[in-house]
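Notes follow once the structure below has been shown.
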Amino acid sequence: MSLLSPETIARPSQALPFWLSLGTVPAALAGMAWGGPWVLLLPAYCWGLFSILDAVLGLNTDNADLSAGEADLSLYRLLTMIWFPLQFALLCLFLWYLPRSGLGPWEKIGMTFGMGVMTGTIGINYSHELMHQKSRAERWLADLLLATVLYSHFRTEHLRVHHLYVGTSRDAVTARYNEGFHRFFPRVVVETRRSAFRAERAMLARRGLPWWHRTNPYWRYWILQAAMALLALALGGWEGVAIFVGQAVVATWQLELVNYVEHYGLTRRHLGDGRYEHALPRHSWNAAHRATNWLLINLQRHSDHHYKPDRRFPLLQNYTEEEAPQLPHGYPVMTFAAMVPPLWRRIMNPRVRAWRRQFYPDIADWKPYNKALNPIPRGAP
């Protein structure tokens, strides 16, 4: 592991690999223009290409010097700032063109799936980076990106619920040990909507205000989402609305797959009286795979993100296996495994048990921590 100086971090050669996410734009245009197997180019680019590059390029354990300032990070910040106008323009073209394209039903379904992969893998991920920043402009960009996938409440849920309660039974997004993704997904889609609204309502109540007060961000969420739905109708008619909703569902599925992987089976020590230890790097799965961290702007350095949520993505630190649990592969491979619960349990359950022995050898009974919302599958380890 080496420490990268601020001068090194600021070099274009260091920042430009993160711009590979822009390759999704020509991939989307090729799918729309040529149809056929080209409609699968977006998932092939996001999942296939970067998984292959991970296998070739291996891990990146270098850490940035935390003294780097905003000026050193300008190229990184620019990438996240320009993504919304790019995605919005591409989505508008997509909603206008696809109903008129003459492509067959399966080609349209494939293209809608691919667009959802892009807006989920890149768009929601960039909104996640932006919502954590102090700049009002960046937070607005996060809201605009989330409106394009009808998941605006994610900002409230992530900042006011998930980061506070990660690794506890109060966090719906922390996947329980032995909870399969196909049970996790419908549960979390419902529970996060409820918990996000409750969080905003409670914050307003502490100020003596009703939930319908104009400062409730849900008014912004609802207006932006309605505007996007009306835009889809104007551009592509009812077929455009169906395509818009379809890509939003795929994007949501992508987000929650990643959420499932990030914290599966990891819990914070209960201290009694409803209190838990502080969130530490050990409470998120870490992945140092070089190429997928380029694509996902270091999201896989999730252990540090939860430890220091206000760090911009170039400054997120990598941790060794003595400090944080490690995933065997990058997110594209791990999310594929999550879709096959027996395979997932075979890969991850031994790692969860090893994590428990490593960090909490004094805890003999883990049943209260499992908090499984589904019965443990017969024969599961």
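Just so we're on the same page: first chain in the structure tokens is A, next is B, and so on; residues restart at 1 for each chain, and ligands are numbered from 1 in the order they show up.
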Could I get the residues of stretch 39-143 of chain A with an atom no further than 9 Å from an atom of stretch 216-235 of chain A, each paired with its nearest atom pair and that distance in Å to one decimal, using only C-alpha atoms, sorted by chain and residue number, as JSON lines?
```
{"residue": "A:Cys92", "atom": "CA", "partner": "A:Leu235", "partner_atom": "CA", "distance": 7.3}
{"residue": "A:Leu93", "atom": "CA", "partner": "A:Leu235", "partner_atom": "CA", "distance": 8.5}
{"residue": "A:Leu95", "atom": "CA", "partner": "A:Leu235", "partner_atom": "CA", "distance": 6.0}
{"residue": "A:Trp96", "atom": "CA", "partner": "A:Leu235", "partner_atom": "CA", "distance": 4.7}
{"residue": "A:Tyr97", "atom": "CA", "partner": "A:Leu235", "partner_atom": "CA", "distance": 8.5}
{"residue": "A:Asp143", "atom": "CA", "partner": "A:Tyr221", "partner_atom": "CA", "distance": 7.3}
```
(request) Please provide as a VMD selection string all residues within 12 Å of A:Thr119, with the sequence filter that same-chain residues fewer than 3 positions apart are discarded (counting only C-alpha atoms). (result) chain A and resid 21 24 to 25 28 42 to 43 46 83 to 84 86 to 88 90 to 91 112 to 116 122 to 127 144 to 151 244 246 to 255
Residues just named, written with N, CA and C atoms as a short mmCIF file (atom, residue, chain, number, x, y, z; two decimals), in the first residue's frame:
```
data_model
loop_
_atom_site.label_atom_id
_atom_site.label_comp_id
_atom_site.auth_asym_id
_atom_site.auth_seq_id
_atom_site.Cartn_x
_atom_site.Cartn_y
_atom_site.Cartn_z
N SER A 21 -16.91 5.67 -16.93
CA SER A 21 -18.37 5.53 -16.88
C SER A 21 -19.04 6.21 -18.07
N THR A 24 -20.74 4.46 -21.14
CA THR A 24 -22.13 4.01 -21.22
C THR A 24 -22.93 4.83 -22.24
N VAL A 25 -22.51 6.06 -22.51
CA VAL A 25 -23.27 6.92 -23.42
C VAL A 25 -23.21 6.37 -24.85
N ALA A 28 -25.20 3.13 -25.09
CA ALA A 28 -26.65 3.31 -25.18
C ALA A 28 -27.05 3.74 -26.59
N LEU A 42 -25.08 -2.21 -22.97
CA LEU A 42 -24.94 -1.50 -21.69
C LEU A 42 -24.64 -2.44 -20.53
N PRO A 43 -25.44 -3.50 -20.30
CA PRO A 43 -25.06 -4.42 -19.22
C PRO A 43 -23.74 -5.13 -19.48
N CYS A 46 -21.11 -2.50 -18.38
CA CYS A 46 -21.06 -2.24 -16.93
C CYS A 46 -20.68 -3.48 -16.13
N TRP A 83 -22.80 14.62 -14.87
CA TRP A 83 -23.51 13.38 -15.20
C TRP A 83 -25.01 13.61 -15.38
N PHE A 84 -25.63 14.43 -14.51
CA PHE A 84 -27.08 14.61 -14.67
C PHE A 84 -27.45 15.14 -16.05
N LEU A 86 -25.98 14.86 -18.85
CA LEU A 86 -25.75 13.79 -19.83
C LEU A 86 -26.84 12.73 -19.74
N GLN A 87 -27.11 12.26 -18.53
CA GLN A 87 -28.11 11.20 -18.37
C GLN A 87 -29.50 11.71 -18.76
N PHE A 88 -29.81 12.94 -18.38
CA PHE A 88 -31.13 13.49 -18.69
C PHE A 88 -31.34 13.59 -20.20
N LEU A 90 -29.81 11.90 -22.55
CA LEU A 90 -29.87 10.55 -23.12
C LEU A 90 -31.22 9.91 -22.83
N LEU A 91 -31.73 10.09 -21.61
CA LEU A 91 -33.01 9.51 -21.25
C LEU A 91 -34.15 10.12 -22.07
N THR A 112 -34.65 -1.15 -22.61
CA THR A 112 -35.14 -0.57 -21.36
C THR A 112 -34.36 -1.13 -20.17
N PHE A 113 -34.09 -2.43 -20.22
CA PHE A 113 -33.28 -3.06 -19.17
C PHE A 113 -31.89 -2.42 -19.13
N GLY A 114 -31.28 -2.26 -20.30
CA GLY A 114 -29.94 -1.67 -20.36
C GLY A 114 -29.92 -0.25 -19.85
N MET A 115 -30.95 0.54 -20.19
CA MET A 115 -31.00 1.91 -19.69
C MET A 115 -31.13 1.92 -18.17
N GLY A 116 -31.90 0.99 -17.61
CA GLY A 116 -32.02 0.88 -16.17
C GLY A 116 -30.71 0.50 -15.51
N ILE A 122 -24.75 3.79 -12.61
CA ILE A 122 -24.01 5.05 -12.64
C ILE A 122 -24.83 6.17 -12.00
N GLY A 123 -26.06 6.38 -12.47
CA GLY A 123 -26.84 7.53 -12.03
C GLY A 123 -27.12 7.56 -10.54
N ILE A 124 -27.64 6.46 -9.99
CA ILE A 124 -27.93 6.44 -8.55
C ILE A 124 -26.64 6.51 -7.75
N ASN A 125 -25.61 5.87 -8.25
CA ASN A 125 -24.33 5.90 -7.55
C ASN A 125 -23.77 7.33 -7.49
N TYR A 126 -23.88 8.07 -8.59
CA TYR A 126 -23.42 9.45 -8.58
C TYR A 126 -24.30 10.32 -7.69
N SER A 127 -25.60 10.03 -7.66
CA SER A 127 -26.48 10.79 -6.76
C SER A 127 -26.08 10.54 -5.31
N LEU A 144 -32.29 15.51 -8.64
CA LEU A 144 -32.69 15.39 -10.04
C LEU A 144 -32.40 13.99 -10.58
N LEU A 145 -31.25 13.46 -10.24
CA LEU A 145 -30.91 12.10 -10.69
C LEU A 145 -31.88 11.08 -10.11
N LEU A 146 -32.22 11.20 -8.84
CA LEU A 146 -33.12 10.23 -8.22
C LEU A 146 -34.53 10.35 -8.79
N ALA A 147 -34.93 11.54 -9.21
CA ALA A 147 -36.25 11.69 -9.83
C ALA A 147 -36.34 10.92 -11.14
N THR A 148 -35.23 10.77 -11.84
CA THR A 148 -35.25 10.06 -13.12
C THR A 148 -35.46 8.56 -12.94
N VAL A 149 -35.36 8.07 -11.70
CA VAL A 149 -35.62 6.65 -11.44
C VAL A 149 -36.72 6.47 -10.40
N LEU A 150 -37.47 7.55 -10.11
CA LEU A 150 -38.63 7.49 -9.21
C LEU A 150 -38.26 6.96 -7.83
N TYR A 151 -37.07 7.34 -7.34
CA TYR A 151 -36.61 6.84 -6.05
C TYR A 151 -36.07 7.99 -5.20
N PHE A 244 -40.27 4.36 -19.23
CA PHE A 244 -39.68 5.14 -18.13
C PHE A 244 -39.80 4.38 -16.81
N GLY A 246 -40.24 1.19 -16.46
CA GLY A 246 -39.44 -0.03 -16.56
C GLY A 246 -37.98 0.19 -16.22
N GLN A 247 -37.39 1.25 -16.79
CA GLN A 247 -35.97 1.51 -16.48
C GLN A 247 -35.80 1.90 -15.02
N ALA A 248 -36.81 2.57 -14.42
CA ALA A 248 -36.73 2.94 -13.01
C ALA A 248 -36.74 1.71 -12.11
N VAL A 249 -37.57 0.72 -12.47
CA VAL A 249 -37.61 -0.53 -11.70
C VAL A 249 -36.27 -1.25 -11.76
N VAL A 250 -35.68 -1.31 -12.95
CA VAL A 250 -34.37 -1.95 -13.09
C VAL A 250 -33.32 -1.20 -12.29
N ALA A 251 -33.35 0.13 -12.33
CA ALA A 251 -32.38 0.93 -11.58
C ALA A 251 -32.53 0.70 -10.08
N THR A 252 -33.78 0.61 -9.60
CA THR A 252 -34.03 0.34 -8.19
C THR A 252 -33.49 -1.03 -7.80
N TRP A 253 -33.72 -2.00 -8.65
CA TRP A 253 -33.19 -3.35 -8.43
C TRP A 253 -31.67 -3.33 -8.34
N GLN A 254 -31.03 -2.56 -9.20
CA GLN A 254 -29.57 -2.44 -9.15
C GLN A 254 -29.10 -1.83 -7.83
N LEU A 255 -29.77 -0.76 -7.41
CA LEU A 255 -29.41 -0.11 -6.15
C LEU A 255 -29.54 -1.07 -4.97
#
```
(request) Would you kindly return, as a ChimeraX atom specification, each protein, DNA or RNA residue with an atom no farther than 7 Å from any atom of stretch 301-304 of chain A, considering only C-alpha atoms and excluding same-chain residues fewer than 4 positions away? (result) /A:281-288,308,316-318,324
Export N, CA and C atoms of the chosen residues as a compact mmCIF listing (two decimals), in the first residue's frame?
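Wrote it out as again-v8.txt, contents follow:
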```
# COMPACT_ATOMS: atom_id res chain seq x y z
N PRO A 281 -15.12 0.70 10.28
CA PRO A 281 -14.85 0.06 8.99
C PRO A 281 -15.25 -1.41 8.93
N ARG A 282 -15.25 -2.08 10.07
CA ARG A 282 -15.59 -3.51 10.09
C ARG A 282 -17.06 -3.78 9.78
N HIS A 283 -17.90 -2.74 9.75
CA HIS A 283 -19.34 -2.95 9.59
C HIS A 283 -19.82 -2.82 8.15
N SER A 284 -18.90 -2.77 7.20
CA SER A 284 -19.24 -2.77 5.77
C SER A 284 -18.23 -3.63 5.05
N TRP A 285 -18.69 -4.31 4.00
CA TRP A 285 -17.78 -5.11 3.19
C TRP A 285 -16.93 -4.19 2.32
N ASN A 286 -15.64 -4.46 2.28
CA ASN A 286 -14.69 -3.68 1.49
C ASN A 286 -14.30 -4.47 0.24
N ALA A 287 -14.08 -3.77 -0.85
CA ALA A 287 -13.58 -4.41 -2.08
C ALA A 287 -12.60 -3.46 -2.75
N ALA A 288 -11.38 -3.93 -2.96
CA ALA A 288 -10.32 -3.08 -3.52
C ALA A 288 -10.11 -3.31 -5.01
N LYS A 308 -16.39 7.54 7.51
CA LYS A 308 -16.25 8.98 7.28
C LYS A 308 -17.13 9.37 6.08
N LEU A 316 -11.54 8.29 -0.36
CA LEU A 316 -11.94 7.12 0.41
C LEU A 316 -10.77 6.16 0.55
N GLN A 317 -10.59 5.65 1.76
CA GLN A 317 -9.44 4.82 2.08
C GLN A 317 -9.76 3.34 1.94
N ASN A 318 -8.74 2.58 1.60
CA ASN A 318 -8.86 1.12 1.57
C ASN A 318 -8.41 0.56 2.92
N ALA A 324 -11.17 -4.60 8.15
CA ALA A 324 -12.51 -4.66 7.57
C ALA A 324 -12.67 -5.95 6.77
```
(request) Apply DSSP to the structure's backbone, then extract all residues of stretch 264-317 of chain A labelled helix (DSSP H, G or I) and return them as JSON, numbers by chain. (result) {"A": [281, 282, 283, 290, 291, 292, 293, 294, 295, 302, 303, 304, 305, 306, 307, 313, 314, 315]}
Quick one: write out the picked residues with C-alpha atoms as a PDB file, in the first residue's frame?
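Below is the file that was written, out.pdb:
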```
ATOM      1  CA  PRO A 281     -14.845   0.065   8.989  1.00  0.00           C
ATOM      2  CA  ARG A 282     -15.589  -3.511  10.089  1.00  0.00           C
ATOM      3  CA  HIS A 283     -19.338  -2.951   9.591  1.00  0.00           C
ATOM      4  CA  ARG A 290      -9.369  -1.614  -9.327  1.00  0.00           C
ATOM      5  CA  ALA A 291     -11.590  -1.478 -12.425  1.00  0.00           C
ATOM      6  CA  THR A 292     -14.977  -1.705 -10.743  1.00  0.00           C
ATOM      7  CA  ASN A 293     -13.905   1.013  -8.324  1.00  0.00           C
ATOM      8  CA  TRP A 294     -13.207   3.176 -11.365  1.00  0.00           C
ATOM      9  CA  LEU A 295     -16.694   2.508 -12.703  1.00  0.00           C
ATOM     10  CA  HIS A 302     -17.665   1.231   1.524  1.00  0.00           C
ATOM     11  CA  SER A 303     -15.994   0.526   4.849  1.00  0.00           C
ATOM     12  CA  ASP A 304     -14.455   3.987   4.822  1.00  0.00           C
ATOM     13  CA  HIS A 305     -17.577   5.646   3.459  1.00  0.00           C
ATOM     14  CA  HIS A 306     -19.565   4.628   6.535  1.00  0.00           C
ATOM     15  CA  TYR A 307     -16.690   5.501   8.819  1.00  0.00           C
ATOM     16  CA  PHE A 313     -14.824   9.534  -3.414  1.00  0.00           C
ATOM     17  CA  PRO A 314     -11.149  10.068  -4.452  1.00  0.00           C
ATOM     18  CA  LEU A 315     -10.190  10.282  -0.753  1.00  0.00           C
TER      19      LEU A 315
END
```
(request) Find the residues around A:Tyr276 up to 10 Å (only C-alpha atoms counted), leave out those fewer than 6 positions away in its own chain, and share them as a ChimeraX atom specification. (result) /A:165,167-168,267-270
(request) Do a neighbour search on A:Gly102 at 12 Å with only C-alpha atoms, toss out local chain neighbours closer than 4 positions, and write the hits as a list in words. (result) Met32, Ala33, Trp34, Gly35, Gly36, Tyr97, Leu98, Trp106, Glu107 and Lys108 of chain A
(request) For A:Leu16, please output as a PyMOL selection string all residues within 12 Å (counting only C-alpha atoms; exclusion window: fewer than 3 positions along the same chain). (result) chain A and resi 9-13+19-22+73-79+294-295+297+314
Selection export as a CSV table (one decimal), in the first residue's frame, atoms kept: N, CA and C atoms:
```
chain,number,residue,atom,x,y,z
A,9,ILE,N,-2.7,12.9,-6.9
A,9,ILE,CA,-4.2,12.8,-7.0
A,9,ILE,C,-4.7,13.8,-8.0
A,10,ALA,N,-4.1,15.0,-8.1
A,10,ALA,CA,-4.6,16.0,-9.0
A,10,ALA,C,-4.3,15.8,-10.5
A,11,ARG,N,-3.4,14.8,-10.7
A,11,ARG,CA,-3.0,14.6,-12.1
A,11,ARG,C,-4.1,14.0,-12.9
A,12,PRO,N,-4.3,14.5,-14.2
A,12,PRO,CA,-5.3,13.9,-15.0
A,12,PRO,C,-5.2,12.4,-15.2
A,13,SER,N,-4.0,11.9,-15.3
A,13,SER,CA,-3.8,10.4,-15.4
A,13,SER,C,-4.4,9.6,-14.3
A,19,TRP,N,-13.5,8.3,-15.4
A,19,TRP,CA,-14.3,8.9,-16.4
A,19,TRP,C,-14.8,7.8,-17.4
A,20,LEU,N,-14.3,6.5,-17.2
A,20,LEU,CA,-14.7,5.4,-18.0
A,20,LEU,C,-16.3,5.2,-18.0
A,21,SER,N,-16.9,5.7,-16.9
A,21,SER,CA,-18.4,5.5,-16.9
A,21,SER,C,-19.0,6.2,-18.1
A,22,LEU,N,-18.4,7.2,-18.7
A,22,LEU,CA,-18.9,7.9,-19.8
A,22,LEU,C,-19.0,7.0,-21.0
A,73,LEU,N,-9.1,18.0,-6.4
A,73,LEU,CA,-10.2,17.1,-6.7
A,73,LEU,C,-11.1,17.6,-7.8
A,74,SER,N,-10.7,18.7,-8.5
A,74,SER,CA,-11.6,19.3,-9.4
A,74,SER,C,-12.1,18.4,-10.6
A,75,LEU,N,-11.2,17.6,-11.1
A,75,LEU,CA,-11.5,16.7,-12.2
A,75,LEU,C,-12.5,15.6,-11.7
A,76,TYR,N,-12.4,15.2,-10.5
A,76,TYR,CA,-13.3,14.2,-10.0
A,76,TYR,C,-14.7,14.8,-9.7
A,77,ARG,N,-14.7,16.0,-9.2
A,77,ARG,CA,-15.9,16.6,-8.9
A,77,ARG,C,-16.7,17.0,-10.2
A,78,LEU,N,-15.9,17.4,-11.2
A,78,LEU,CA,-16.5,17.7,-12.5
A,78,LEU,C,-17.3,16.5,-13.1
A,79,LEU,N,-16.7,15.3,-12.9
A,79,LEU,CA,-17.4,14.1,-13.5
A,79,LEU,C,-18.8,14.0,-12.9
A,294,TRP,N,-13.2,2.1,-10.4
A,294,TRP,CA,-13.2,3.2,-11.4
A,294,TRP,C,-14.6,3.4,-11.8
A,295,LEU,N,-15.3,2.4,-12.2
A,295,LEU,CA,-16.7,2.5,-12.7
A,295,LEU,C,-17.6,3.1,-11.6
A,297,ILE,N,-16.9,4.8,-8.9
A,297,ILE,CA,-16.2,5.9,-8.2
A,297,ILE,C,-16.0,5.5,-6.7
A,314,PRO,N,-12.6,10.3,-4.2
A,314,PRO,CA,-11.1,10.1,-4.5
A,314,PRO,C,-10.4,9.9,-3.2
```
